[in-house]
6 protein chains.
Amino acid sequence: MKKLFIENEIEYTGVQLSPHWIYKNYKIQGDAIVSFIGPVCVNLSEMVDIEDVINNEPIKSDKMVNFIIEVFDTNLREAIYRQRLFISIIKEVFETRGINLKRFGDDLYYDNRKLSVSIATKSTVSTLIHTALNIVSKGAPIPVSSFEDMGISDTTCIINEIMKKFCMEVSDIELARVKVRGV
Amino acid sequence: MKKLFIENEIEYTGVQLSPHWIYKNYKIQGDAIVSFIGPVCVNLSEMVDIEDVINNEPIKSDKMVNFIIEVFDTNLREAIYRQRLFISIIKEVFETRGINLKRFGDDLYYDNRKLSVSIATKSTVSTLIHTALNIVSKGAPIPVSSFEDMGISDTTCIINEIMKKFCMEVSDIELARVKVRGV
Amino acid sequence: MKKLFIENEIEYTGVQLSPHWIYKNYKIQGDAIVSFIGPVCVNLSEMVDIEDVINNEPIKSDKMVNFIIEVFDTNLREAIYRQRLFISIIKEVFETRGINLKRFGDDLYYDNRKLSVSIATKSTVSTLIHTALNIVSKGAPIPVSSFEDMGISDTTCIINEIMKKFCMEVSDIELARVKVRGV
Amino acid sequence: MKKLFIENEIEYTGVQLSPHWIYKNYKIQGDAIVSFIGPVCVNLSEMVDIEDVINNEPIKSDKMVNFIIEVFDTNLREAIYRQRLFISIIKEVFETRGINLKRFGDDLYYDNRKLSVSIATKSTVSTLIHTALNIVSKGAPIPVSSFEDMGISDTTCIINEIMKKFCMEVSDIELARVKVRGV
Amino acid sequence: MKKLFIENEIEYTGVQLSPHWIYKNYKIQGDAIVSFIGPVCVNLSEMVDIEDVINNEPIKSDKMVNFIIEVFDTNLREAIYRQRLFISIIKEVFETRGINLKRFGDDLYYDNRKLSVSIATKSTVSTLIHTALNIVSKGAPIPVSSFEDMGISDTTCIINEIMKKFCMEVSDIELARVKVRGV
Amino acid sequence: MKKLFIENEIEYTGVQLSPHWIYKNYKIQGDAIVSFIGPVCVNLSEMVDIEDVINNEPIKSDKMVNFIIEVFDTNLREAIYRQRLFISIIKEVFETRGINLKRFGDDLYYDNRKLSVSIATKSTVSTLIHTALNIVSKGAPIPVSSFEDMGISDTTCIINEIMKKFCMEVSDIELARVKVRGV
């Protein structure tokens, strides 16, 4: 699992959640997590969460940190477990700074307001996860919480910690997989 | 995912981590999580973690709460993700009581001492997880922490909360799996 | 496996055989069988059976009962076994009324004329089955048999029996899967 | 799918339901169905159906025709669908002789008495099905029906018809699998 | 694995590397290898190798023999192993004529110049391989080697040998798969 | 894919072809190829190739170089493709020294005599390959060829070349797998 924080601002529109987007744009080949900051605006036509489409709930925010995780395996259930664990890791990184979040499935809450959006899906060749955290609280269709509310200013630092901890966890899982005998 | 707290004391020896142990003993058919309390003593010959066997580290404790999770699917990597998420859920249940644990992979720490043991493996027909938490700190080969140290007395209550939250998470993951379009 | 008989008349054109069509239109999340009555007209461009496309055999009928089965698993061979078993179940439901059909693969015959059309395919996230039975004998490109020929008037009743028996069989298969030891 | 009727009488004890039993004994390499006639006596220790073990229901009969099907794929759910379809095919073969059986899951009934036993399981390398039909009604722990009750004398003929129809169905499923476009 | 040499000249543009192209055009149902001769011109928009797209390296040649292999299984890694083995087989066929090629991954070299292009990919229902060998050295964007350079005139004969040896290897692999016990 | 040449002489008896043998003995965790030199004597009871057991053909040789490859994935067909490609790589390494071998499936011949034995199988957690090449021609039940016959003295050097080239090929296949778009 390789990792990259992309310095440029990028607007997340949903097109980034497609196979090989990371490779085609950043030449990172294989399983990877990348992150970037920018406004988020996903129209219904681009959404992969059909529940949100049915409920007519597009995703919007003025400034979020976005994570894209691509793993070249096509087990969607495993990808959702990976997503939930990634959400837990984000929560744990905030804890090291004394900030307590609550996790409900793939959602994170700070001060009873939603901090995050997330989805996991699959393509013909891979599974893909998008998770984004509000940096500012403006622009969302519902009241949300954000890095701003928590008084976080070293955004890049926290993003890199999250990616590093996730990559270590994935490596550790691979080691765990090859050290047990069957029963 | 069905759940059961087994009232009887059972000594965990490793034989419980075998396919259909739950079904054969408690007539719960299919994916399930069960828990029971008892001493833990796993000899090297029964251990599935080859790393522990190599390092000659048997597992012993005078009193632990043991969880056995069996899922009738044979993807070991997914089972390890499930195990890690289960560990995160245990941590979250303790947080609701104001007790902060630290998670490193599949280990939980309280007050810098190890609270838990855990392993995930597979059989021909299923994957199996064993996770146990010390109720008392005696009997372990290394200094450990326990429910006793935390001042927890409603053990059964906390066990049921953990199992309930895990079952809800698994249901939620199944719903997430069937609501996204491919990309 | 959830089930629903859709009261509205719907023309089957092939677009119904697509992932999440059931969820998007009827809010049933996950594995499901739905049925509806209506004319059938599948143009070559919408057909998934390439053999029929090669042979230039579009599907047409004035009035059929259509079943759509979606299972969120991507094993096409298993889906075809499921389709054949579904066809057998339809045959068995007719037998309870003293009507004897003949099955050849995924086709049902009454009085030596074809009663049904059926296809099984897969998407990125699921497998899908379409099976339809003629309610009237008009509108088909070849001589066919129909509910009309058999003197069946309680169409809805028979449709619900078929769906119920299929759902029970699927549940029973899940139970069978988790009760056998490996050899 | 190759097929063979074994002329020698063989007592079915459960050891025949093991990987490569067909290959080791009859040099048929790969997916195959074989059949033989003989008494059936499966002790609890040899049974793969844990439900029967729990209920203390060993399998016994003085004379049955036994079918063993081995497919070198390890999807147990698919194997159970295959088993159910095989049971349907047996029923259909009897129908061509004017004998009507009832199917409930993997059981066949004639005259309201059980005609068959069947189980599907998996090994590390394959899935295996055992299905047996009573030739005589003696020796079973419950009242059963048999070929004798139906007045069938050309046992070998009917066995070969069943195997032939099953092999044709399997071939047809393979053809169906490779002729549909994804949706 | 069926095989066919297509007598007509066909320009390879990339559209041939799509599921059921063989079946739709040549009525060969199931796993197959076909070959044809013609110019090759794959525009960037049609290329499946994203590395080549990134490096802006379209594929062109005035005359190549093209092989298309479709296998109805969706394991891409296995398909790449199959591709590499196919390349090894081509090399071995040339050896029987005293011509020594060098293989680097999925590339073949003669006299230090590239003789071949190859790619393996997957669709929703199958994996697909395209491998092509230069018959003439003209038309390629880099210096290449060709049948012409080697003095080969019986092109059809060598193509058929390659396809025959590949089909035999695939059959042999299937036999190998079903004759080993698990460990 | 890690690699290790084990300096100690080891007699290959078949027990080395078991899951985690590499990890338990050499602490290499995960996918790996190891090699060692020693006599080979596999009794029928230890053989995994049932064809050899049926034909009563045990494996014996006074001195062979043995390769064990373990990959933690359970697709046996892919493992056999891997084995065949490994055999091709051995052949290619010899070619760089001007020695021409012939490959038939998983067998290598030098001077029309068999140089190698090889088998691929699977366990609950992995696939395993054993390939061995005669260093001397003595001790085999049939006339064989060997390193001795070829005049090879730098055995260790050639073994390391083979392992290095195989590891490079496996890495290259992983890169190939993640750089193609689906079709």
# chains A, B, ... in the order shown; residues from 1 in each chain; ligands from 1
call {"tool": "select_by_dssp", "arguments": {"residues": "region 22-82 of chain D", "states": "helix (DSSP H, G or I)", "output": "list of chain:residue names"}}
result
D:Ile22, D:Tyr23, D:Lys24, D:Asn25, D:Tyr26, D:Leu44, D:Ser45, D:Glu46, D:Ile50, D:Glu51, D:Asp52, D:Val53, D:Ile54, D:Leu76, D:Arg77, D:Glu78, D:Ala79, D:Ile80, D:Tyr81, D:Arg82
call {"tool": "residues_around", "arguments": {"residues": "Glu7 (chain B)", "least_positions_apart": "6", "cutoff": "9 Å", "atoms": "only C-alpha atoms", "output": "VMD selection string"}}
result
chain B and resid 35 to 37
call {"tool": "closest_atom_pairs", "arguments": {"of": "chain A", "to": "chain F", "cutoff": "9 Å", "atoms": "only C-alpha atoms", "output": "JSON lines"}}
result
{"residue": "A:Pro19", "atom": "CA", "partner": "F:Arg181", "partner_atom": "CA", "distance": 7.5}
{"residue": "A:His20", "atom": "CA", "partner": "F:Lys179", "partner_atom": "CA", "distance": 7.5}
{"residue": "A:Tyr23", "atom": "CA", "partner": "F:Lys179", "partner_atom": "CA", "distance": 7.8}
{"residue": "A:Gln29", "atom": "CA", "partner": "F:Val178", "partner_atom": "CA", "distance": 6.5}
{"residue": "A:Gly30", "atom": "CA", "partner": "F:Val178", "partner_atom": "CA", "distance": 5.3}
{"residue": "A:Asp31", "atom": "CA", "partner": "F:Val178", "partner_atom": "CA", "distance": 8.2}
{"residue": "A:Phe72", "atom": "CA", "partner": "F:Val178", "partner_atom": "CA", "distance": 6.5}
{"residue": "A:Ser123", "atom": "CA", "partner": "F:Gly182", "partner_atom": "CA", "distance": 8.5}
{"residue": "A:Thr124", "atom": "CA", "partner": "F:Gly182", "partner_atom": "CA", "distance": 5.9}
{"residue": "A:Val125", "atom": "CA", "partner": "F:Gly182", "partner_atom": "CA", "distance": 6.4}
{"residue": "A:Ser126", "atom": "CA", "partner": "F:Val178", "partner_atom": "CA", "distance": 8.7}
{"residue": "A:Glu174", "atom": "CA", "partner": "F:Gly30", "partner_atom": "CA", "distance": 8.2}
{"residue": "A:Leu175", "atom": "CA", "partner": "F:Gly30", "partner_atom": "CA", "distance": 7.0}
{"residue": "A:Arg177", "atom": "CA", "partner": "F:Phe72", "partner_atom": "CA", "distance": 8.2}
{"residue": "A:Val178", "atom": "CA", "partner": "F:Gly30", "partner_atom": "CA", "distance": 5.3}
{"residue": "A:Lys179", "atom": "CA", "partner": "F:Gln29", "partner_atom": "CA", "distance": 6.8}
{"residue": "A:Val180", "atom": "CA", "partner": "F:Val125", "partner_atom": "CA", "distance": 8.4}
{"residue": "A:Arg181", "atom": "CA", "partner": "F:Val125", "partner_atom": "CA", "distance": 7.3}
{"residue": "A:Gly182", "atom": "CA", "partner": "F:Thr124", "partner_atom": "CA", "distance": 5.9}
{"residue": "A:Val183", "atom": "CA", "partner": "F:Thr124", "partner_atom": "CA", "distance": 8.5}
call {"tool": "residues_around", "arguments": {"residues": "region 110-116 of chain F", "least_positions_apart": "6", "cutoff": "9 Å", "atoms": "only C-alpha atoms", "output": "ChimeraX atom specification"}}
result
/F:64,99-102,131-135,137,142-147,149-150
call {"tool": "write_last_selection", "arguments": {"atoms": "N, CA, C and O atoms", "output": "compact mmCIF listing (two decimals), in the first residue's frame"}}
result
# COMPACT_ATOMS: atom_id res chain seq x y z
N MET F 64 19.62 -34.05 -5.56
CA MET F 64 18.85 -33.11 -6.39
C MET F 64 18.90 -31.73 -5.74
O MET F 64 19.11 -31.59 -4.54
N ILE F 99 22.99 -24.34 -22.82
CA ILE F 99 22.45 -25.69 -22.64
C ILE F 99 20.96 -25.68 -22.99
O ILE F 99 20.19 -24.91 -22.41
N ASN F 100 20.58 -26.52 -23.95
CA ASN F 100 19.20 -26.54 -24.40
C ASN F 100 18.42 -27.69 -23.79
O ASN F 100 18.78 -28.85 -23.97
N LEU F 101 17.35 -27.34 -23.08
CA LEU F 101 16.47 -28.36 -22.49
C LEU F 101 15.18 -28.38 -23.28
O LEU F 101 14.86 -27.43 -24.00
N LYS F 102 14.45 -29.44 -23.12
CA LYS F 102 13.10 -29.51 -23.70
C LYS F 102 12.10 -29.57 -22.55
O LYS F 102 12.31 -30.27 -21.57
N THR F 131 9.71 -28.51 -7.11
CA THR F 131 10.40 -28.85 -8.35
C THR F 131 11.82 -29.24 -7.96
O THR F 131 12.45 -28.57 -7.14
N ALA F 132 12.31 -30.33 -8.54
CA ALA F 132 13.68 -30.75 -8.23
C ALA F 132 14.39 -31.16 -9.51
O ALA F 132 13.77 -31.70 -10.43
N LEU F 133 15.67 -30.85 -9.56
CA LEU F 133 16.51 -31.17 -10.72
C LEU F 133 17.64 -32.09 -10.26
O LEU F 133 18.26 -31.85 -9.21
N ASN F 134 17.92 -33.13 -11.04
CA ASN F 134 18.99 -34.06 -10.68
C ASN F 134 20.36 -33.38 -10.74
O ASN F 134 20.71 -32.78 -11.76
N ILE F 135 21.12 -33.51 -9.67
CA ILE F 135 22.51 -33.05 -9.71
C ILE F 135 23.40 -34.20 -10.16
O ILE F 135 24.32 -34.03 -10.94
N SER F 137 23.10 -38.44 -11.64
CA SER F 137 22.13 -39.29 -12.34
C SER F 137 21.85 -40.60 -11.61
O SER F 137 21.08 -41.42 -12.09
N ILE F 142 14.44 -44.59 -13.09
CA ILE F 142 14.53 -44.62 -14.56
C ILE F 142 15.80 -43.88 -14.97
O ILE F 142 16.38 -43.15 -14.18
N PRO F 143 16.26 -44.08 -16.21
CA PRO F 143 17.45 -43.33 -16.67
C PRO F 143 17.14 -41.84 -16.69
O PRO F 143 16.12 -41.43 -17.25
N VAL F 144 17.96 -41.03 -16.06
CA VAL F 144 17.72 -39.59 -15.99
C VAL F 144 18.97 -38.83 -16.41
O VAL F 144 20.05 -39.40 -16.54
N SER F 145 18.80 -37.53 -16.62
CA SER F 145 19.94 -36.66 -16.87
C SER F 145 20.16 -35.79 -15.64
O SER F 145 19.31 -35.73 -14.75
N SER F 146 21.32 -35.13 -15.61
CA SER F 146 21.67 -34.38 -14.39
C SER F 146 22.66 -33.26 -14.70
O SER F 146 23.19 -33.18 -15.79
N PHE F 147 22.87 -32.41 -13.71
CA PHE F 147 23.87 -31.34 -13.81
C PHE F 147 25.24 -31.92 -14.20
O PHE F 147 25.98 -31.34 -14.98
N ASP F 149 25.88 -34.54 -16.00
CA ASP F 149 25.91 -34.84 -17.44
C ASP F 149 26.16 -33.59 -18.26
O ASP F 149 26.76 -33.64 -19.34
N MET F 150 25.68 -32.45 -17.76
CA MET F 150 25.82 -31.19 -18.50
C MET F 150 27.17 -30.53 -18.22
O MET F 150 27.47 -29.51 -18.83
call {"tool": "residues_around", "arguments": {"residues": "region 53-57 of chain E", "least_positions_apart": "6", "cutoff": "10 Å", "atoms": "only C-alpha atoms", "output": "number ranges by chain"}}
result
A: 23-25, 27; E: 42-47, 141
call {"tool": "write_last_selection", "arguments": {"atoms": "C-alpha atoms", "output": "compact mmCIF listing (two decimals), in the first residue's frame"}}
result
# COMPACT_ATOMS: atom_id res chain seq x y z
CA TYR A 23 -2.19 5.51 -11.46
CA LYS A 24 -3.21 7.60 -14.46
CA ASN A 25 -2.72 10.88 -12.60
CA LYS A 27 1.87 7.15 -11.65
CA VAL E 42 -4.37 0.55 -31.82
CA ASN E 43 -5.13 4.16 -30.95
CA LEU E 44 -4.48 5.38 -27.44
CA SER E 45 -8.23 5.53 -26.76
CA GLU E 46 -8.54 1.79 -27.44
CA MET E 47 -5.52 0.66 -25.44
CA PRO E 141 7.26 3.05 -34.16
call {"tool": "closest_atom_pairs", "arguments": {"of": "region 62-157 of chain D", "to": "region 2-6 of chain D", "cutoff": "10 Å", "atoms": "only C-alpha atoms", "output": "JSON lines"}}
result
{"residue": "D:Asn66", "atom": "CA", "partner": "D:Phe5", "partner_atom": "CA", "distance": 9.9}
{"residue": "D:Phe67", "atom": "CA", "partner": "D:Phe5", "partner_atom": "CA", "distance": 9.1}
{"residue": "D:Ile68", "atom": "CA", "partner": "D:Lys3", "partner_atom": "CA", "distance": 10.0}
{"residue": "D:Ile69", "atom": "CA", "partner": "D:Lys3", "partner_atom": "CA", "distance": 9.2}
{"residue": "D:Thr156", "atom": "CA", "partner": "D:Phe5", "partner_atom": "CA", "distance": 8.1}
call {"tool": "write_last_selection", "arguments": {"atoms": "C-alpha atoms", "output": "PDB file, in the first residue's frame"}}
result
ATOM      1  CA  ASN D  66     -25.661 -44.625  -4.557  1.00  0.00           C
ATOM      2  CA  PHE D  67     -24.491 -41.694  -6.678  1.00  0.00           C
ATOM      3  CA  ILE D  68     -21.210 -39.910  -5.964  1.00  0.00           C
ATOM      4  CA  ILE D  69     -20.600 -36.612  -7.788  1.00  0.00           C
ATOM      5  CA  THR D 156     -29.604 -50.180 -14.077  1.00  0.00           C
TER       6      THR D 156
END
call {"tool": "select_by_dssp", "arguments": {"residues": "chain D", "states": "strand (DSSP E or B)", "output": "ChimeraX atom specification"}}
result
/D:2-5,12,32-42,49,59-71,102-104,107-110,113-114,116-122,127-134,144,180
call {"tool": "atom_distance", "arguments": {"atom1": "CA of Val34 (chain F)", "atom2": "CA of Lys91 (chain F)"}}
result
18.2 Å
